[in-house]
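One file, data-v6.pdb, is given below (PDB, C-alpha atoms and all ligand atoms).
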```pdb
ATOM      1  CA  MET A   1      83.112 106.718  87.063
ATOM      2  CA  ALA A   2      85.423 103.715  86.801
ATOM      3  CA  ASP A   3      83.860 100.330  87.494
ATOM      4  CA  GLU A   4      85.385  98.347  90.346
ATOM      5  CA  LEU A   5      86.141  94.667  90.766
ATOM      6  CA  ILE A   6      86.214  94.028  94.497
ATOM      7  CA  ILE A   7      87.629  90.738  95.733
ATOM      8  CA  LYS A   8      86.585  90.397  99.343
ATOM      9  CA  ASP A   9      88.036  87.893 101.794
ATOM     10  CA  LEU A  10      88.070  85.291  99.013
ATOM     11  CA  HIS A  11      88.576  81.633  99.921
ATOM     12  CA  VAL A  12      88.857  79.096  97.092
ATOM     13  CA  ASN A  13      89.044  75.314  97.131
ATOM     14  CA  VAL A  14      90.247  73.021  94.391
ATOM     15  CA  GLU A  15      89.192  69.440  94.988
ATOM     16  CA  ASP A  16      88.662  70.046  98.712
ATOM     17  CA  LYS A  17      92.051  71.670  99.181
ATOM     18  CA  GLU A  18      92.065  75.312 100.164
ATOM     19  CA  ILE A  19      94.257  77.193  97.688
ATOM     20  CA  ILE A  20      93.231  80.816  98.300
ATOM     21  CA  LYS A  21      92.888  81.664 101.940
ATOM     22  CA  GLY A  22      91.283  85.060 102.371
ATOM     23  CA  LEU A  23      92.298  87.480  99.650
ATOM     24  CA  ASN A  24      91.348  91.132  99.341
ATOM     25  CA  LEU A  25      92.007  93.188  96.227
ATOM     26  CA  THR A  26      90.246  95.985  94.352
ATOM     27  CA  ILE A  27      90.886  96.644  90.675
ATOM     28  CA  ARG A  28      89.418  99.621  88.841
ATOM     29  CA  GLN A  29      89.128 100.377  85.148
ATOM     30  CA  GLY A  30      92.180 102.332  84.045
ATOM     31  CA  GLU A  31      94.521 100.772  86.613
ATOM     32  CA  THR A  32      97.386  98.383  85.871
ATOM     33  CA  HIS A  33      98.165  95.813  88.554
ATOM     34  CA  VAL A  34     100.860  93.171  88.657
ATOM     35  CA  ILE A  35     100.633  89.965  90.674
ATOM     36  CA  MET A  36     103.942  88.192  91.281
ATOM     37  CA  GLY A  37     104.734  85.161  93.382
ATOM     38  CA  PRO A  38     106.370  81.745  93.321
ATOM     39  CA  ASN A  39     104.906  78.845  91.343
ATOM     40  CA  GLY A  40     102.011  77.190  93.084
ATOM     41  CA  SER A  41     101.046  80.226  95.171
ATOM     42  CA  GLY A  42      97.553  80.417  93.677
ATOM     43  CA  LYS A  43      97.848  83.093  90.985
ATOM     44  CA  SER A  44      96.170  81.070  88.219
ATOM     45  CA  THR A  45      93.599  79.841  90.727
ATOM     46  CA  LEU A  46      92.706  83.472  91.434
ATOM     47  CA  SER A  47      92.255  84.464  87.785
ATOM     48  CA  ASN A  48      90.350  81.257  86.931
ATOM     49  CA  THR A  49      88.053  81.794  89.916
ATOM     50  CA  ILE A  50      87.315  85.365  88.888
ATOM     51  CA  MET A  51      86.327  84.146  85.422
ATOM     52  CA  GLY A  52      84.043  81.465  86.896
ATOM     53  CA  HIS A  53      85.920  78.281  85.994
ATOM     54  CA  PRO A  54      83.697  75.498  87.391
ATOM     55  CA  ARG A  55      86.569  73.540  88.956
ATOM     56  CA  TYR A  56      87.252  76.287  91.505
ATOM     57  CA  THR A  57      84.862  76.487  94.450
ATOM     58  CA  VAL A  58      84.470  79.704  96.388
ATOM     59  CA  THR A  59      83.942  78.632  99.995
ATOM     60  CA  ALA A  60      83.840  82.106 101.567
ATOM     61  CA  GLY A  61      84.053  85.758 100.624
ATOM     62  CA  ASP A  62      82.756  87.461  97.504
ATOM     63  CA  ILE A  63      83.673  88.832  94.091
ATOM     64  CA  ILE A  64      81.820  92.054  93.357
ATOM     65  CA  TRP A  65      81.800  93.641  89.923
ATOM     66  CA  GLN A  66      79.914  96.833  89.068
ATOM     67  CA  GLY A  67      78.293  96.718  92.487
ATOM     68  CA  GLU A  68      76.956  93.136  92.279
ATOM     69  CA  SER A  69      78.228  89.736  93.322
ATOM     70  CA  ILE A  70      79.132  87.661  90.274
ATOM     71  CA  LEU A  71      79.668  84.389  92.131
ATOM     72  CA  ASP A  72      76.480  82.840  90.724
ATOM     73  CA  LEU A  73      77.245  83.816  87.125
ATOM     74  CA  PRO A  74      78.735  81.298  84.700
ATOM     75  CA  ALA A  75      81.898  82.242  82.817
ATOM     76  CA  ASP A  76      80.171  83.504  79.667
ATOM     77  CA  ARG A  77      77.996  85.937  81.662
ATOM     78  CA  ARG A  78      81.077  87.287  83.375
ATOM     79  CA  ALA A  79      82.714  87.784  79.984
ATOM     80  CA  ARG A  80      79.634  89.604  78.726
ATOM     81  CA  ARG A  81      79.939  91.973  81.655
ATOM     82  CA  GLY A  82      83.430  92.909  80.550
ATOM     83  CA  LEU A  83      85.754  90.516  82.366
ATOM     84  CA  PHE A  84      88.465  88.741  80.388
ATOM     85  CA  LEU A  85      91.243  86.236  81.013
ATOM     86  CA  ALA A  86      94.198  85.555  78.736
ATOM     87  CA  PHE A  87      95.169  82.000  79.635
ATOM     88  CA  GLN A  88      98.555  80.867  80.858
ATOM     89  CA  TYR A  89      98.195  77.883  78.524
ATOM     90  CA  PRO A  90      95.983  78.848  75.550
ATOM     91  CA  MET A  91      94.053  75.924  74.104
ATOM     92  CA  GLU A  92      94.500  74.613  70.591
ATOM     93  CA  VAL A  93      91.192  74.319  68.744
ATOM     94  CA  PRO A  94      91.705  72.434  65.490
ATOM     95  CA  GLY A  95      88.746  72.815  63.148
ATOM     96  CA  VAL A  96      87.805  76.359  64.221
ATOM     97  CA  SER A  97      89.546  79.210  62.479
ATOM     98  CA  ALA A  98      90.822  81.952  64.750
ATOM     99  CA  SER A  99      88.764  84.435  62.766
ATOM    100  CA  ASN A 100      85.492  82.539  63.271
ATOM    101  CA  PHE A 101      86.291  82.005  66.912
ATOM    102  CA  LEU A 102      86.821  85.745  67.422
ATOM    103  CA  ARG A 103      83.666  86.583  65.489
ATOM    104  CA  THR A 104      81.560  84.207  67.579
ATOM    105  CA  ALA A 105      83.133  85.491  70.804
ATOM    106  CA  LEU A 106      82.540  89.129  69.886
ATOM    107  CA  THR A 107      78.942  88.398  68.873
ATOM    108  CA  ASN A 108      78.361  86.685  72.219
ATOM    109  CA  ILE A 109      79.872  89.586  74.137
ATOM    110  CA  ARG A 110      77.791  92.119  72.245
ATOM    111  CA  LYS A 111      74.521  90.229  72.611
ATOM    112  CA  GLY A 112      74.348  91.444  76.165
ATOM    113  CA  ASP A 113      73.804  89.752  79.419
ATOM    114  CA  GLN A 114      70.441  88.083  78.879
ATOM    115  CA  ALA A 115      70.673  86.638  75.368
ATOM    116  CA  PRO A 116      71.430  82.945  74.935
ATOM    117  CA  THR A 117      75.018  81.940  74.376
ATOM    118  CA  ILE A 118      75.914  81.042  70.820
ATOM    119  CA  THR A 119      76.754  77.351  70.559
ATOM    120  CA  PRO A 120      77.120  75.004  67.610
ATOM    121  CA  ASP A 121      73.431  74.121  68.139
ATOM    122  CA  ASN A 122      72.045  77.564  67.593
ATOM    123  CA  LEU A 123      74.698  79.028  65.345
ATOM    124  CA  GLY A 124      72.832  80.469  62.399
ATOM    125  CA  GLU A 125      75.579  81.470  60.078
ATOM    126  CA  ILE A 126      79.287  81.121  59.819
ATOM    127  CA  GLY A 127      81.591  82.651  57.284
ATOM    128  CA  ASP A 128      85.261  82.994  56.686
ATOM    129  CA  GLY A 129      85.076  86.679  57.515
ATOM    130  CA  SER A 130      85.712  87.697  53.929
ATOM    131  CA  GLY A 131      82.150  88.568  53.074
ATOM    132  CA  GLY A 132      81.967  85.749  50.579
ATOM    133  CA  ASN A 133      81.847  82.048  51.193
ATOM    134  CA  VAL A 134      79.231  82.311  53.922
ATOM    135  CA  ALA A 135      77.604  79.033  54.782
ATOM    136  CA  LYS A 136      74.350  78.419  56.584
ATOM    137  CA  VAL A 137      74.769  75.690  59.130
ATOM    138  CA  GLY A 138      72.864  74.118  61.953
ATOM    139  CA  GLY A 139      73.562  70.478  62.489
ATOM    140  CA  ASP A 140      71.502  68.389  60.082
ATOM    141  CA  GLY A 141      69.086  71.285  59.780
ATOM    142  CA  ALA A 142      66.063  69.210  60.752
ATOM    143  CA  ASN A 143      66.068  69.670  64.536
ATOM    144  CA  ILE A 144      67.024  73.323  64.594
ATOM    145  CA  ASP A 145      64.337  75.779  65.502
ATOM    146  CA  ARG A 146      65.115  78.539  63.017
ATOM    147  CA  SER A 147      63.622  81.230  65.225
ATOM    148  CA  LYS A 148      66.178  80.420  67.927
ATOM    149  CA  ARG A 149      69.177  80.720  65.652
ATOM    150  CA  GLN A 150      71.785  83.180  66.702
ATOM    151  CA  ILE A 151      73.165  85.296  63.911
ATOM    152  CA  LEU A 152      76.764  86.409  63.996
ATOM    153  CA  ILE A 153      78.059  89.929  63.430
ATOM    154  CA  PRO A 154      78.016  90.591  59.665
ATOM    155  CA  PRO A 155      81.289  89.515  58.044
ATOM    156  CA  LYS A 156      82.062  92.957  56.673
ATOM    157  CA  GLU A 157      81.659  94.690  60.008
ATOM    158  CA  PHE A 158      83.683  92.029  61.778
ATOM    159  CA  ARG A 159      86.410  92.225  59.172
ATOM    160  CA  THR A 160      86.769  95.987  59.691
ATOM    161  CA  ILE A 161      87.146  95.496  63.443
ATOM    162  CA  LEU A 162      89.589  92.615  63.052
ATOM    163  CA  LYS A 163      91.719  94.530  60.535
ATOM    164  CA  SER A 164      91.992  97.572  62.776
ATOM    165  CA  LYS A 165      93.062  95.420  65.742
ATOM    166  CA  LEU A 166      95.558  93.472  63.634
ATOM    167  CA  ASN A 167      97.030  96.778  62.462
ATOM    168  CA  LEU A 168      97.185  98.127  65.989
ATOM    169  CA  LEU A 169      99.051  95.032  67.175
ATOM    170  CA  GLN A 170     101.097  94.767  63.982
ATOM    171  CA  MET A 171      99.935  91.218  63.470
ATOM    172  CA  ASP A 172      99.719  89.352  60.222
ATOM    173  CA  GLU A 173      96.247  88.410  59.018
ATOM    174  CA  LYS A 174      97.417  84.909  58.175
ATOM    175  CA  TYR A 175      97.158  83.804  61.823
ATOM    176  CA  THR A 176      93.448  84.512  61.917
ATOM    177  CA  LYS A 177      92.872  82.227  58.947
ATOM    178  CA  ARG A 178      94.518  79.273  60.633
ATOM    179  CA  TYR A 179      92.820  77.008  63.144
ATOM    180  CA  LEU A 180      92.897  78.642  66.564
ATOM    181  CA  ASN A 181      96.347  78.165  68.117
ATOM    182  CA  ASP A 182      96.780  74.912  66.187
ATOM    183  CA  GLY A 183     100.517  74.451  65.720
ATOM    184  CA  PHE A 184     101.181  78.020  66.876
ATOM    185  CA  SER A 185     104.456  78.773  68.642
ATOM    186  CA  GLY A 186     104.346  79.898  72.269
ATOM    187  CA  GLY A 187     104.729  83.523  71.185
ATOM    188  CA  GLU A 188     102.005  83.244  68.546
ATOM    189  CA  LYS A 189      99.560  81.784  71.079
ATOM    190  CA  LYS A 190     100.183  84.650  73.483
ATOM    191  CA  ARG A 191      99.757  87.191  70.686
ATOM    192  CA  MET A 192      96.478  85.527  69.764
ATOM    193  CA  GLU A 193      95.318  86.032  73.375
ATOM    194  CA  VAL A 194      96.217  89.721  73.104
ATOM    195  CA  LEU A 195      94.337  89.939  69.782
ATOM    196  CA  GLN A 196      91.315  88.376  71.467
ATOM    197  CA  MET A 197      91.589  90.979  74.211
ATOM    198  CA  ALA A 198      91.805  93.738  71.574
ATOM    199  CA  VAL A 199      88.726  92.498  69.716
ATOM    200  CA  LEU A 200      86.598  92.000  72.842
ATOM    201  CA  SER A 201      87.773  95.199  74.610
ATOM    202  CA  PRO A 202      87.042  94.062  78.167
ATOM    203  CA  LYS A 203      86.736  96.381  81.149
ATOM    204  CA  ILE A 204      89.039  94.289  83.309
ATOM    205  CA  ALA A 205      91.574  91.933  81.725
ATOM    206  CA  PHE A 206      93.629  89.322  83.538
ATOM    207  CA  LEU A 207      96.750  88.170  81.714
ATOM    208  CA  ASP A 208      98.129  85.004  83.249
ATOM    209  CA  GLU A 209     101.868  84.877  82.514
ATOM    210  CA  PRO A 210     101.609  86.438  79.049
ATOM    211  CA  ASP A 211     105.414  86.301  78.903
ATOM    212  CA  SER A 212     106.100  82.739  80.035
ATOM    213  CA  GLY A 213     108.216  80.725  77.635
ATOM    214  CA  LEU A 214     108.787  83.657  75.283
ATOM    215  CA  ASP A 215     112.087  84.996  74.042
ATOM    216  CA  ILE A 216     113.040  88.643  74.524
ATOM    217  CA  ASP A 217     111.620  89.823  71.187
ATOM    218  CA  ALA A 218     108.331  88.005  71.714
ATOM    219  CA  ILE A 219     108.026  89.528  75.201
ATOM    220  CA  ARG A 220     108.513  92.987  73.721
ATOM    221  CA  ILE A 221     105.849  92.361  71.071
ATOM    222  CA  VAL A 222     103.331  91.113  73.655
ATOM    223  CA  GLY A 223     104.232  93.889  76.126
ATOM    224  CA  GLU A 224     103.867  96.613  73.513
ATOM    225  CA  GLY A 225     100.616  95.052  72.322
ATOM    226  CA  VAL A 226      99.087  95.108  75.803
ATOM    227  CA  SER A 227     100.318  98.647  76.380
ATOM    228  CA  LYS A 228      98.512  99.801  73.207
ATOM    229  CA  LEU A 229      95.259  98.400  74.570
ATOM    230  CA  LYS A 230      95.586 100.218  77.871
ATOM    231  CA  GLY A 231      93.270 103.129  78.474
ATOM    232  CA  PRO A 232      90.933 104.694  81.011
ATOM    233  CA  ASP A 233      88.270 102.051  80.312
ATOM    234  CA  MET A 234      90.479  99.018  80.785
ATOM    235  CA  GLY A 235      91.831  97.677  84.034
ATOM    236  CA  ILE A 236      94.718  95.263  83.557
ATOM    237  CA  VAL A 237      96.088  92.613  85.893
ATOM    238  CA  VAL A 238      99.328  91.043  84.705
ATOM    239  CA  ILE A 239     100.449  87.868  86.440
ATOM    240  CA  THR A 240     104.142  87.404  85.833
ATOM    241  CA  HIS A 241     107.449  86.134  87.142
ATOM    242  CA  GLN A 242     109.608  88.433  85.123
ATOM    243  CA  GLN A 243     110.250  92.095  85.357
ATOM    244  CA  ARG A 244     110.954  92.374  81.622
ATOM    245  CA  ILE A 245     107.387  92.650  80.328
ATOM    246  CA  LEU A 246     106.736  95.399  82.884
ATOM    247  CA  ASN A 247     109.179  97.642  80.986
ATOM    248  CA  TYR A 248     106.440  98.058  78.408
ATOM    249  CA  LEU A 249     103.586  98.731  80.826
ATOM    250  CA  ASP A 250     103.081 101.602  83.180
ATOM    251  CA  VAL A 251     102.357  99.710  86.365
ATOM    252  CA  ASP A 252     100.371 101.307  89.188
ATOM    253  CA  PHE A 253     100.272  98.522  91.797
ATOM    254  CA  VAL A 254     102.373  95.442  92.499
ATOM    255  CA  HIS A 255     101.134  92.573  94.671
ATOM    256  CA  VAL A 256     102.942  89.489  95.877
ATOM    257  CA  MET A 257     101.018  86.267  96.335
ATOM    258  CA  MET A 258     102.362  83.396  98.451
ATOM    259  CA  GLN A 259     100.694  80.259  99.722
ATOM    260  CA  GLY A 260      97.223  81.567  98.935
ATOM    261  CA  TYR A 261      97.638  84.989 100.513
ATOM    262  CA  LEU A 262      98.416  88.424  99.081
ATOM    263  CA  VAL A 263     101.296  89.093 101.413
ATOM    264  CA  LYS A 264     102.589  92.408 100.152
ATOM    265  CA  SER A 265     101.494  95.305  97.937
ATOM    266  CA  GLY A 266     103.399  98.308  96.726
ATOM    267  CA  GLY A 267     104.397 100.321  93.690
ATOM    268  CA  LYS A 268     106.703  99.295  90.876
ATOM    269  CA  GLU A 269     109.804  99.626  93.080
ATOM    270  CA  LEU A 270     108.703  96.300  94.566
ATOM    271  CA  VAL A 271     109.381  94.561  91.231
ATOM    272  CA  LYS A 272     113.003  95.636  91.324
ATOM    273  CA  GLU A 273     113.378  94.582  94.919
ATOM    274  CA  ILE A 274     112.045  91.085  94.146
ATOM    275  CA  GLU A 275     114.322  90.878  91.129
ATOM    276  CA  GLU A 276     117.294  91.586  93.396
ATOM    277  CA  ARG A 277     116.332  89.799  96.591
ATOM    278  CA  GLY A 278     113.919  87.029  95.595
ATOM    279  CA  TYR A 279     110.833  86.139  97.655
ATOM    280  CA  GLY A 280     112.457  84.753 100.815
ATOM    281  CA  TRP A 281     112.436  88.045 102.723
ATOM    282  CA  ILE A 282     108.768  88.625 101.890
ATOM    283  CA  ARG A 283     107.881  85.136 103.104
ATOM    284  CA  GLU A 284     109.732  85.817 106.316
ATOM    285  CA  GLU A 285     108.061  89.207 106.755
ATOM    286  CA  ALA A 286     104.683  87.525 106.306
ATOM    287  CA  GLY A 287     105.576  84.804 108.812
ATOM    288  CA  LEU A 288     104.924  81.945 106.355
ATOM    289  CA  ALA A 289     106.576  78.537 106.438
ATOM    290  CA  VAL A 290     109.503  77.825 104.133
ATOM    291  CA  GLY A 291     109.132  75.265 101.359
ATOM    292  CA  ALA A 292     105.357  75.290 101.022
ATOM    293  CA  GLU A 293     105.766  76.354  97.420
ATOM    294  CA  GLU A 294     108.345  76.171  94.760
ATOM    295  CA  ASP A 295     110.454  79.319  94.361
ATOM    296  CA  VAL A 296     111.299  80.238  90.811
TER     297      VAL A 296
HETATM  298  P1  LIG A 301     100.331  79.594  90.355
HETATM  299  O1  LIG A 301      99.523  80.044  89.180
HETATM  300  O2  LIG A 301     100.620  80.677  91.337
HETATM  301  O3  LIG A 301     101.575  78.893  89.929
HETATM  302  P2  LIG A 301      98.155  77.752  90.785
HETATM  303  O4  LIG A 301      96.971  78.589  91.060
HETATM  304  O5  LIG A 301      98.283  77.171  89.423
HETATM  305  O6  LIG A 301      99.481  78.538  91.184
HETATM  306  O7  LIG A 301      98.207  76.548  91.800
HETATM  307  C1  LIG A 301      98.090  76.709  93.195
HETATM  308  C2  LIG A 301      97.920  75.358  93.860
HETATM  309  O8  LIG A 301      96.674  74.804  93.503
HETATM  310  C3  LIG A 301      98.959  74.340  93.449
HETATM  311  O9  LIG A 301      99.291  73.591  94.588
HETATM  312  C4  LIG A 301      98.239  73.487  92.436
HETATM  313  O10 LIG A 301      98.736  72.172  92.436
HETATM  314  C5  LIG A 301      96.809  73.546  92.909
HETATM  315  N1  LIG A 301      95.865  73.497  91.770
HETATM  316  C6  LIG A 301      95.581  74.516  90.947
HETATM  317  N2  LIG A 301      94.685  74.160  90.003
HETATM  318  C7  LIG A 301      94.409  72.874  90.246
HETATM  319  C8  LIG A 301      93.555  71.920  89.633
HETATM  320  N3  LIG A 301      92.824  72.240  88.580
HETATM  321  N4  LIG A 301      93.527  70.674  90.170
HETATM  322  C9  LIG A 301      94.286  70.363  91.250
HETATM  323  N5  LIG A 301      95.104  71.212  91.870
HETATM  324  C10 LIG A 301      95.169  72.445  91.394
HETATM  325 MG    MG A 302      99.877  79.956  87.156
END
```
The structure in this file should be written as structure tokens.
Amino acid sequence: MADELIIKDLHVNVEDKEIIKGLNLTIRQGETHVIMGPNGSGKSTLSNTIMGHPRYTVTAGDIIWQGESILDLPADRRARRGLFLAFQYPMEVPGVSASNFLRTALTNIRKGDQAPTITPDNLGEIGDGSGGNVAKVGGDGANIDRSKRQILIPPKEFRTILKSKLNLLQMDEKYTKRYLNDGFSGGEKKRMEVLQMAVLSPKIAFLDEPDSGLDIDAIRIVGEGVSKLKGPDMGIVVITHQQRILNYLDVDFVHVMMQGYLVKSGGKELVKEIEERGYGWIREEAGLAVGAEEDV
């Protein structure tokens, strides 16, 4: 049976300001949802809260995944249980190759829910993913308890996985050899997020504006990439402003978020209606005040 993520009467504060004001939504593996809404309506707040970002405080309600509340779990435990977020603004990490980042992330995910998280302090082995040139590390070596070292997925095995995902997404291997997102274009960063999603194969994936700032070709590449990852075991939530990326995804449910509320849900016909009529009529229907957010 498909696992369910149930968001129940969720209230979220950021720095003592209530941003999400009682939100209900259920997402199942295999479903594709879209969340649309003006800037500042709380869409990124919702996805960050689901992933357990410490800056977002849940003041009421619950987030239930696989039958259990995950509110007390830190972000890495949520990821290990199959939740994933592709960021609106992916971070640049100079000094860490994309390949090593992905290998560490996949090892962490696979270690299961109880094992310690791999950090620079307990990292037992890093390599360039080629099978050669593997270095043993561990700070200065003196203070590391060898028995507590966390060993990464063997380079050969990781390389096979990475290659198959790169092929699937028609991505060039050269990006994985560079430092993560360092100097990447907007489109390359978003593709790297999709590659991360492909490697980690989450059960529910949130994609926060995977199309923002991209040209038409880059949107197609990202849209087709996500659509290749879709399947009965993956639930997808795409947060977007634009209808274009949805041409590549078979969308089941469309939700509109405004001023911290999910004010309307429907099928994909709703996307077209918003494209033609904007958000004003939905705001009016919901009885919300004008000007509390920025329409885009
Ligand atoms: P959206 O993704 O729909 O554009 P956000 O969730 O980013 O909206 O923002 C919703 C509201 O919460 C905005 O008013 C924004 O200023 C505020 N907000 C979001 N994140 C933070 C934060 N980390 N610190 C302060 N305010 C925030
Ligand atoms: Mg946002």
Taking all atoms listed in the file and a cut-off of 10 Å, can you tell me which residues surround ligand MG 302 (chain A), written as a PDB file with C-alpha atoms, in the coordinates of the input?
```pdb
ATOM      1  CA  GLY A  37     104.734  85.161  93.382  1.00  0.00           C
ATOM      2  CA  PRO A  38     106.370  81.745  93.321  1.00  0.00           C
ATOM      3  CA  ASN A  39     104.906  78.845  91.343  1.00  0.00           C
ATOM      4  CA  GLY A  40     102.011  77.190  93.084  1.00  0.00           C
ATOM      5  CA  SER A  41     101.046  80.226  95.171  1.00  0.00           C
ATOM      6  CA  GLY A  42      97.553  80.417  93.677  1.00  0.00           C
ATOM      7  CA  LYS A  43      97.848  83.093  90.985  1.00  0.00           C
ATOM      8  CA  SER A  44      96.170  81.070  88.219  1.00  0.00           C
ATOM      9  CA  THR A  45      93.599  79.841  90.727  1.00  0.00           C
ATOM     10  CA  LEU A  46      92.706  83.472  91.434  1.00  0.00           C
ATOM     11  CA  SER A  47      92.255  84.464  87.785  1.00  0.00           C
ATOM     12  CA  ASN A  48      90.350  81.257  86.931  1.00  0.00           C
ATOM     13  CA  PHE A  87      95.169  82.000  79.635  1.00  0.00           C
ATOM     14  CA  GLN A  88      98.555  80.867  80.858  1.00  0.00           C
ATOM     15  CA  TYR A  89      98.195  77.883  78.524  1.00  0.00           C
ATOM     16  CA  ASP A 208      98.129  85.004  83.249  1.00  0.00           C
ATOM     17  CA  GLU A 209     101.868  84.877  82.514  1.00  0.00           C
ATOM     18  CA  SER A 212     106.100  82.739  80.035  1.00  0.00           C
ATOM     19  CA  ILE A 239     100.449  87.868  86.440  1.00  0.00           C
ATOM     20  CA  THR A 240     104.142  87.404  85.833  1.00  0.00           C
ATOM     21  CA  HIS A 241     107.449  86.134  87.142  1.00  0.00           C
TER      22      HIS A 241
END
```
Measuring atom to atom with only C-alpha atoms, identify which of A:Gly22, A:Gly82, A:Pro90, A:Pro232 is nearest to Asp182 in chain A.
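The closest residue to Asp182 in chain A is A:Pro90.
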To box ligand LIG 301 (chain A), take all atoms listed in the file, fit an axis-aligned box, add 6 Å on each side, and give centre and edge lengths in Å to one decimal, as AutoDock Vina command-line options.
```
--center_x 97.2 --center_y 75.5 --center_z 91.6 --size_x 20.8 --size_y 22.3 --size_z 18.0
```
Using only C-alpha atoms, pick whichever of A:Leu102, A:Val58, A:Ile7, A:Met257 has the shortest atom-to-atom distance to Leu200 in chain A.
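Of A:Leu102, A:Val58, A:Ile7, A:Met257, the one nearest Leu200 in chain A, counting only C-alpha atoms, is A:Leu102.
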Residue neighbourhood Pro54 in chain A, 9 Å, all atoms listed in the file, exclusion window fewer than 4 positions, as an NGL selection string
:A and (48-49 or 74-75)
For a quick check of your reading of the model, name the residues lying within 12 Å of the coordinate (105.2, 98.7, 73.7), counting all atoms listed in the file, and write them as a count of residues only.
24
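In this comparison, which uses only C-alpha atoms and all ligand atoms, the residue of A:Val12, A:Ile19, A:Leu270, A:Leu71 approaching ligand LIG 301 (chain A) most closely is A:Ile19.
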Spatial neighbours of Val237 in chain A, 6 Å, all atoms listed in the file, chain gap at least 5 places, as a list in words
Thr32, His33, Val34 and Phe206 of chain A
Given the PyMOL selection byres (((chain A and resi 103-106) around 12) and not hetatm), the residues it picks as a PyMOL selection string:
chain A and resi 76+79-80+82+84+96-102+107-112+117-120+122-130+150-162+176+195-202
